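> Input upload00.cif, format and content: mmCIF, C-alpha atoms.
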```
data_entry
loop_
_atom_site.group_PDB
_atom_site.id
_atom_site.type_symbol
_atom_site.label_atom_id
_atom_site.label_comp_id
_atom_site.auth_asym_id
_atom_site.auth_seq_id
_atom_site.Cartn_x
_atom_site.Cartn_y
_atom_site.Cartn_z
ATOM 1 C CA MET Z 454 -7.537 -9.626 16.695
ATOM 2 C CA LYS Z 455 -5.842 -10.045 20.042
ATOM 3 C CA CYS Z 456 -2.648 -8.681 21.541
ATOM 4 C CA PRO Z 457 0.062 -11.348 21.187
ATOM 5 C CA TYR Z 458 1.425 -10.367 24.624
ATOM 6 C CA CYS Z 459 -1.614 -10.182 26.910
ATOM 7 C CA GLY Z 460 -4.539 -11.378 24.765
ATOM 8 C CA SER Z 461 -6.526 -8.145 25.044
ATOM 9 C CA ASN Z 462 -8.882 -7.145 22.219
ATOM 10 C CA ASP Z 463 -8.373 -3.446 22.944
ATOM 11 C CA LEU Z 464 -5.903 -2.396 20.219
ATOM 12 C CA LYS Z 465 -5.180 0.796 18.313
ATOM 13 C CA VAL Z 466 -3.387 1.362 14.996
ATOM 14 C CA THR Z 467 -0.471 3.784 15.353
ATOM 15 C CA ASP Z 468 0.988 3.631 11.815
ATOM 16 C CA THR Z 469 -0.132 2.365 8.398
ATOM 17 C CA ARG Z 470 2.039 1.866 5.316
ATOM 18 C CA THR Z 471 0.984 0.588 1.921
ATOM 19 C CA LYS Z 472 3.358 -1.283 -0.373
ATOM 20 C CA GLY Z 473 2.227 -3.058 -3.517
ATOM 21 C CA ASN Z 474 -0.764 -5.191 -2.699
ATOM 22 C CA TYR Z 475 -0.360 -5.283 1.064
ATOM 23 C CA ILE Z 476 -0.756 -2.959 4.033
ATOM 24 C CA LYS Z 477 1.564 -3.031 7.047
ATOM 25 C CA ARG Z 478 0.067 -1.692 10.273
ATOM 26 C CA LYS Z 479 1.778 -0.953 13.573
ATOM 27 C CA ARG Z 480 -0.584 -1.725 16.426
ATOM 28 C CA GLN Z 481 -0.430 -0.993 20.123
ATOM 29 C CA CYS Z 482 -2.286 -2.726 22.915
ATOM 30 C CA VAL Z 483 -4.159 -0.207 25.068
ATOM 31 C CA LYS Z 484 -3.963 -2.538 28.079
ATOM 32 C CA CYS Z 485 -0.265 -3.618 28.189
ATOM 33 C CA LYS Z 486 1.200 -0.990 25.781
ATOM 34 C CA GLY Z 487 2.913 -3.753 23.717
ATOM 35 C CA THR Z 488 3.456 -2.971 20.039
ATOM 36 C CA PHE Z 489 3.450 -5.335 17.073
ATOM 37 C CA TYR Z 490 2.986 -5.281 13.305
ATOM 38 C CA THR Z 491 0.329 -6.885 11.149
ATOM 39 C CA ILE Z 492 0.312 -7.314 7.398
ATOM 40 C CA GLU Z 493 -2.903 -7.285 5.399
ATOM 41 C CA VAL Z 494 -2.779 -8.929 1.981
ATOM 42 C CA ILE Z 495 -5.382 -9.010 -0.757
ATOM 43 C CA ASP Z 496 -6.755 -12.531 -0.885
ATOM 44 C CA LEU Z 497 -7.122 -13.721 -4.460
ATOM 45 C CA SER Z 498 -7.963 -17.271 -3.422
ATOM 46 C CA GLU Z 499 -11.427 -16.885 -4.885
ATOM 47 C CA VAL Z 500 -9.994 -16.208 -8.354
ATOM 48 C CA MET Z 501 -9.889 -19.302 -10.542
ATOM 49 C CA VAL Z 502 -7.737 -19.705 -13.636
ATOM 50 C CA GLN Z 503 -9.301 -21.364 -16.654
ATOM 51 C CA LYS Z 504 -6.596 -23.383 -18.370
ATOM 52 C CA ARG Z 505 -6.428 -23.935 -22.138
ATOM 53 C CA ASN Z 506 -8.025 -27.369 -21.749
ATOM 54 C CA GLY Z 507 -10.993 -25.826 -19.902
ATOM 55 C CA SER Z 508 -10.069 -27.021 -16.413
ATOM 56 C CA LEU Z 509 -10.118 -24.622 -13.478
ATOM 57 C CA GLN Z 510 -7.363 -24.108 -10.916
ATOM 58 C CA ALA Z 511 -7.065 -21.706 -8.005
ATOM 59 C CA PHE Z 512 -4.997 -18.625 -8.838
ATOM 60 C CA ASN Z 513 -1.426 -19.117 -7.655
ATOM 61 C CA LYS Z 514 0.969 -16.199 -7.918
ATOM 62 C CA ILE Z 515 3.894 -18.540 -7.211
ATOM 63 C CA SER Z 516 3.394 -19.980 -10.713
ATOM 64 C CA ILE Z 517 3.769 -16.509 -12.178
ATOM 65 C CA LEU Z 518 6.808 -15.846 -9.997
ATOM 66 C CA ARG Z 519 8.478 -19.020 -11.303
ATOM 67 C CA GLY Z 520 7.805 -17.905 -14.886
ATOM 68 C CA LEU Z 521 9.227 -14.449 -14.160
ATOM 69 C CA LYS Z 522 12.360 -15.897 -12.574
ATOM 70 C CA ARG Z 523 12.912 -18.181 -15.569
ATOM 71 C CA ALA Z 524 12.432 -15.250 -17.948
ATOM 72 C CA PHE Z 525 14.905 -13.087 -15.995
ATOM 73 C CA ASN Z 526 17.485 -15.865 -15.576
ATOM 74 C CA LYS Z 527 20.996 -14.336 -15.883
ATOM 75 C CA ILE Z 528 19.530 -10.862 -16.470
ATOM 76 C CA ASN Z 529 20.572 -8.139 -14.050
ATOM 77 C CA ILE Z 530 17.343 -7.433 -12.149
ATOM 78 C CA SER Z 531 16.767 -7.311 -8.410
ATOM 79 C CA GLU Z 532 14.380 -9.507 -6.455
ATOM 80 C CA GLU Z 533 12.559 -6.320 -5.442
ATOM 81 C CA GLU Z 534 11.963 -5.364 -9.082
ATOM 82 C CA ILE Z 535 10.637 -8.852 -9.815
ATOM 83 C CA GLU Z 536 8.340 -8.605 -6.761
ATOM 84 C CA ASN Z 537 7.070 -5.215 -8.002
ATOM 85 C CA ILE Z 538 6.287 -6.691 -11.416
ATOM 86 C CA LEU Z 539 4.522 -9.594 -9.722
ATOM 87 C CA ASP Z 540 2.499 -7.183 -7.547
ATOM 88 C CA ASN Z 541 1.451 -5.191 -10.641
ATOM 89 C CA ILE Z 542 0.407 -8.362 -12.460
ATOM 90 C CA GLU Z 543 -1.542 -9.562 -9.440
ATOM 91 C CA MET Z 544 -3.315 -6.205 -9.049
ATOM 92 C CA GLU Z 545 -4.274 -6.171 -12.724
ATOM 93 C CA ILE Z 546 -5.746 -9.662 -12.421
ATOM 94 C CA TYR Z 547 -7.610 -8.611 -9.282
ATOM 95 C CA SER Z 548 -8.917 -5.443 -10.978
ATOM 96 C CA LYS Z 549 -10.783 -7.576 -13.532
ATOM 97 C CA LYS Z 550 -13.383 -8.114 -10.785
ATOM 98 C CA THR Z 551 -14.204 -11.613 -11.934
ATOM 99 C CA ASN Z 552 -13.802 -14.992 -10.280
ATOM 100 C CA ILE Z 553 -12.583 -16.724 -13.452
ATOM 101 C CA VAL Z 554 -9.642 -15.475 -15.508
ATOM 102 C CA LYS Z 555 -8.374 -17.295 -18.587
ATOM 103 C CA SER Z 556 -4.748 -18.372 -18.504
ATOM 104 C CA GLU Z 557 -4.327 -16.587 -21.858
ATOM 105 C CA GLU Z 558 -5.306 -13.284 -20.223
ATOM 106 C CA ILE Z 559 -2.765 -13.839 -17.467
ATOM 107 C CA GLY Z 560 -0.095 -14.663 -20.052
ATOM 108 C CA ASN Z 561 -0.896 -11.465 -21.947
ATOM 109 C CA ILE Z 562 -0.649 -9.400 -18.762
ATOM 110 C CA VAL Z 563 2.726 -10.955 -17.908
ATOM 111 C CA CYS Z 564 3.964 -10.288 -21.456
ATOM 112 C CA LYS Z 565 2.881 -6.655 -21.223
ATOM 113 C CA TYR Z 566 4.985 -6.064 -18.111
ATOM 114 C CA LEU Z 567 7.990 -8.047 -19.349
ATOM 115 C CA LYS Z 568 8.009 -6.140 -22.624
ATOM 116 C CA LYS Z 569 8.292 -2.859 -20.709
ATOM 117 C CA VAL Z 570 11.231 -4.105 -18.634
ATOM 118 C CA ASN Z 571 13.421 -6.321 -20.829
ATOM 119 C CA ASP Z 572 13.102 -7.602 -24.407
ATOM 120 C CA ILE Z 573 15.032 -10.825 -23.745
ATOM 121 C CA ALA Z 574 12.913 -11.720 -20.707
ATOM 122 C CA TYR Z 575 9.811 -10.955 -22.766
ATOM 123 C CA LEU Z 576 10.924 -13.236 -25.614
ATOM 124 C CA ARG Z 577 11.926 -16.030 -23.226
ATOM 125 C CA PHE Z 578 8.515 -15.967 -21.571
ATOM 126 C CA LEU Z 579 6.745 -15.651 -24.907
ATOM 127 C CA SER Z 580 8.565 -18.651 -26.372
ATOM 128 C CA VAL Z 581 7.044 -20.877 -23.677
ATOM 129 C CA TYR Z 582 3.676 -19.124 -23.374
ATOM 130 C CA LYS Z 583 2.848 -19.002 -27.099
ATOM 131 C CA LYS Z 584 4.175 -22.504 -27.864
ATOM 132 C CA TYR Z 585 5.590 -21.617 -31.274
ATOM 133 C CA ASN Z 586 5.596 -24.486 -33.756
ATOM 134 C CA THR Z 587 8.292 -23.206 -36.071
ATOM 135 C CA LEU Z 588 11.392 -21.074 -35.913
ATOM 136 C CA ASP Z 589 9.805 -18.728 -38.485
ATOM 137 C CA GLU Z 590 6.931 -17.946 -36.097
ATOM 138 C CA PHE Z 591 9.357 -17.102 -33.313
ATOM 139 C CA ASN Z 592 11.579 -15.116 -35.678
ATOM 140 C CA GLU Z 593 8.538 -13.056 -36.681
ATOM 141 C CA GLU Z 594 7.999 -12.142 -33.019
ATOM 142 C CA ILE Z 595 11.658 -11.161 -32.665
ATOM 143 C CA SER Z 596 11.344 -8.944 -35.762
ATOM 144 C CA LYS Z 597 8.269 -7.237 -34.283
ATOM 145 C CA CYS Z 598 10.195 -6.586 -31.090
ATOM 146 C CA ILE Z 599 13.146 -5.089 -33.008
ATOM 147 C CA ASN Z 600 10.864 -2.879 -35.134
ATOM 148 C CA GLU Z 601 9.018 -1.585 -32.051
ATOM 149 C CA ARG Z 602 12.342 -0.811 -30.355
ATOM 150 C CA LYS Z 603 13.518 1.133 -33.460
ATOM 151 C CA LYS Z 604 10.265 3.121 -33.578
ATOM 152 C CA ASN Z 605 10.585 3.988 -29.895
ATOM 153 C CA GLN Z 606 14.185 5.132 -30.373
ATOM 154 C CA GLU Z 607 13.209 7.298 -33.350
ATOM 155 C CA ASN Z 608 10.401 8.936 -31.380
ATOM 156 C CA ASN Z 609 12.711 9.792 -28.477
#
```
Any chance you could put this one into structure tokens?

Amino acid sequence: MKCPYCGSNDLKVTDTRTKGNYIKRKRQCVKCKGTFYTIEVIDLSEVMVQKRNGSLQAFNKISILRGLKRAFNKINISEEEIENILDNIEMEIYSKKTNIVKSEEIGNIVCKYLKKVNDIAYLRFLSVYKKYNTLDEFNEEISKCINERKKNQENN
């Protein structure tokens, strides 16, 4: 890495902050004393997603972000909260320590986080992810969600 001001390779890190799946570092050039920030991000480009039809695609967190935004449409949640959920999902995928992850596994991870945050967002995502064939199948999932919510309220 070179100083963006003078091109020197002689740099020192003066501050490091971690947020989600990236690290922000403040650097100072020893030669010209210029300061600048760098951001280090975990590179999941080596992770491939195995689709239901068996094909492989490079992992793309933007696809997950689109699904999250659709699920949270017209639900009061901040962009920062959505980004935090996305970071948690990404870290869980990365923690599998494998180069191939099935799309079903990713869907299950997304569902797990949505269920913790908002039942409606969870059901919206699930309705697309599970591809229900009948209203009865979807209604069964809604009933499970209601029963779990009641159990949680009774235990608290």
> Show me the residues around (-2.5, -15.7, -9.5) - criterion: an atom at most 9 Å away, all atoms listed in the file counted - as a list of chain:residue names.
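Those within range, by chain then number, are Z:Leu497, Z:Ser498, Z:Val500, Z:Met501, Z:Val502, Z:Ala511, Z:Phe512, Z:Asn513, Z:Lys514, Z:Ile515, Z:Ser516, Z:Ile517, Z:Ile542, Z:Glu543, Z:Ile546, Z:Tyr547, Z:Ile559.
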> Just the residues within 6 Å of region 460-466 of chain Z, please, counting only C-alpha atoms, with nothing from its chain fewer than 4 positions along; format it as a PDB file with C-alpha atoms, keeping the file's coordinate frame.

```pdb
ATOM      1  CA  LYS Z 455      -5.842 -10.045  20.042  1.00  0.00           C
ATOM      2  CA  CYS Z 456      -2.648  -8.681  21.541  1.00  0.00           C
ATOM      3  CA  LYS Z 479       1.778  -0.953  13.573  1.00  0.00           C
ATOM      4  CA  ARG Z 480      -0.584  -1.725  16.426  1.00  0.00           C
ATOM      5  CA  GLN Z 481      -0.430  -0.993  20.123  1.00  0.00           C
ATOM      6  CA  CYS Z 482      -2.286  -2.726  22.915  1.00  0.00           C
ATOM      7  CA  VAL Z 483      -4.159  -0.207  25.068  1.00  0.00           C
TER       8      VAL Z 483
END
```
> To test your reading of the syntax: which residues would the PyMOL selection byres ((chain Z and resi 525) around 9) return for the file shown? Reply as a PyMOL selection string.
chain Z and resi 520-524+526-530+535+571+573-575+577-578
> Rounded to one decimal in Å, what is the spacing between CA of Glu493 (chain Z) and CA of Thr469 (chain Z)?
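So the two atoms, CA of Glu493 (chain Z) and CA of Thr469 (chain Z), lie 10.5 Å apart.
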> I'd like the contact shell of Ser556 (chain Z) - 7 Å cut-off, all atoms listed in the file, skipping same-chain residues fewer than 4 positions apart - returned as a CSV table (one decimal) with C-alpha atoms, in the frame of the given file.

```csv
chain,number,residue,atom,x,y,z
Z,502,VAL,CA,-7.7,-19.7,-13.6
Z,503,GLN,CA,-9.3,-21.4,-16.7
Z,504,LYS,CA,-6.6,-23.4,-18.4
Z,505,ARG,CA,-6.4,-23.9,-22.1
Z,560,GLY,CA,-0.1,-14.7,-20.1
```
> May I ask which of the residues Z:Asn541, Z:Thr491, Z:Ser580, Z:Asn592 is the closest one to Lys477 (chain Z), counting all atoms listed in the file?
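Using all atoms listed in the file, Lys477 (chain Z) sits closest to Z:Thr491.
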> Just checking: using only C-alpha atoms, which residue out of Z:Asn537, Z:Ser548, Z:Thr587, Z:Thr488 ends up closest to Leu567 (chain Z)?
Z:Asn537
> Once 8 Å is added on each side, what centre and edge lengths in Å to one decimal does the axis-aligned box around all listed atoms of region 537-549 of chain Z have, as JSON?

```
{"center_x": -1.9, "center_y": -7.4, "center_z": -10.5, "size_x": 33.9, "size_y": 20.5, "size_z": 22.0}
```
> Using CA of Val570 (chain Z) and CA of Lys584 (chain Z) as the two end points, give the distance in Å to one decimal.
21.8 Å
> I need the residue nearest Glu536 (chain Z) from this list: Z:Leu518, Z:Gly507, Z:Lys583, Z:Glu557. Use all atoms listed in the file for the distance.
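Closest candidate: Z:Leu518.
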> Work out how far apart CA of Lys565 (chain Z) and CA of Cys598 (chain Z) are and give it in Å to one decimal.
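Computed distance, CA of Lys565 (chain Z) to CA of Cys598 (chain Z), equals 12.3 Å.
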> Just want the 12 Å neighbourhood of Ile476 (chain Z), counted on all atoms listed in the file, with same-chain residues fewer than 5 positions away dropped. Output as a count of residues only.
10
> Measuring between only C-alpha atoms, which one of Z:Tyr566, Z:Lys484, Z:Pro457, Z:Leu576 shows the shortest distance to Glu534 (chain Z)?
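Once distances to Glu534 (chain Z) are computed over only C-alpha atoms, the minimum belongs to Z:Tyr566.
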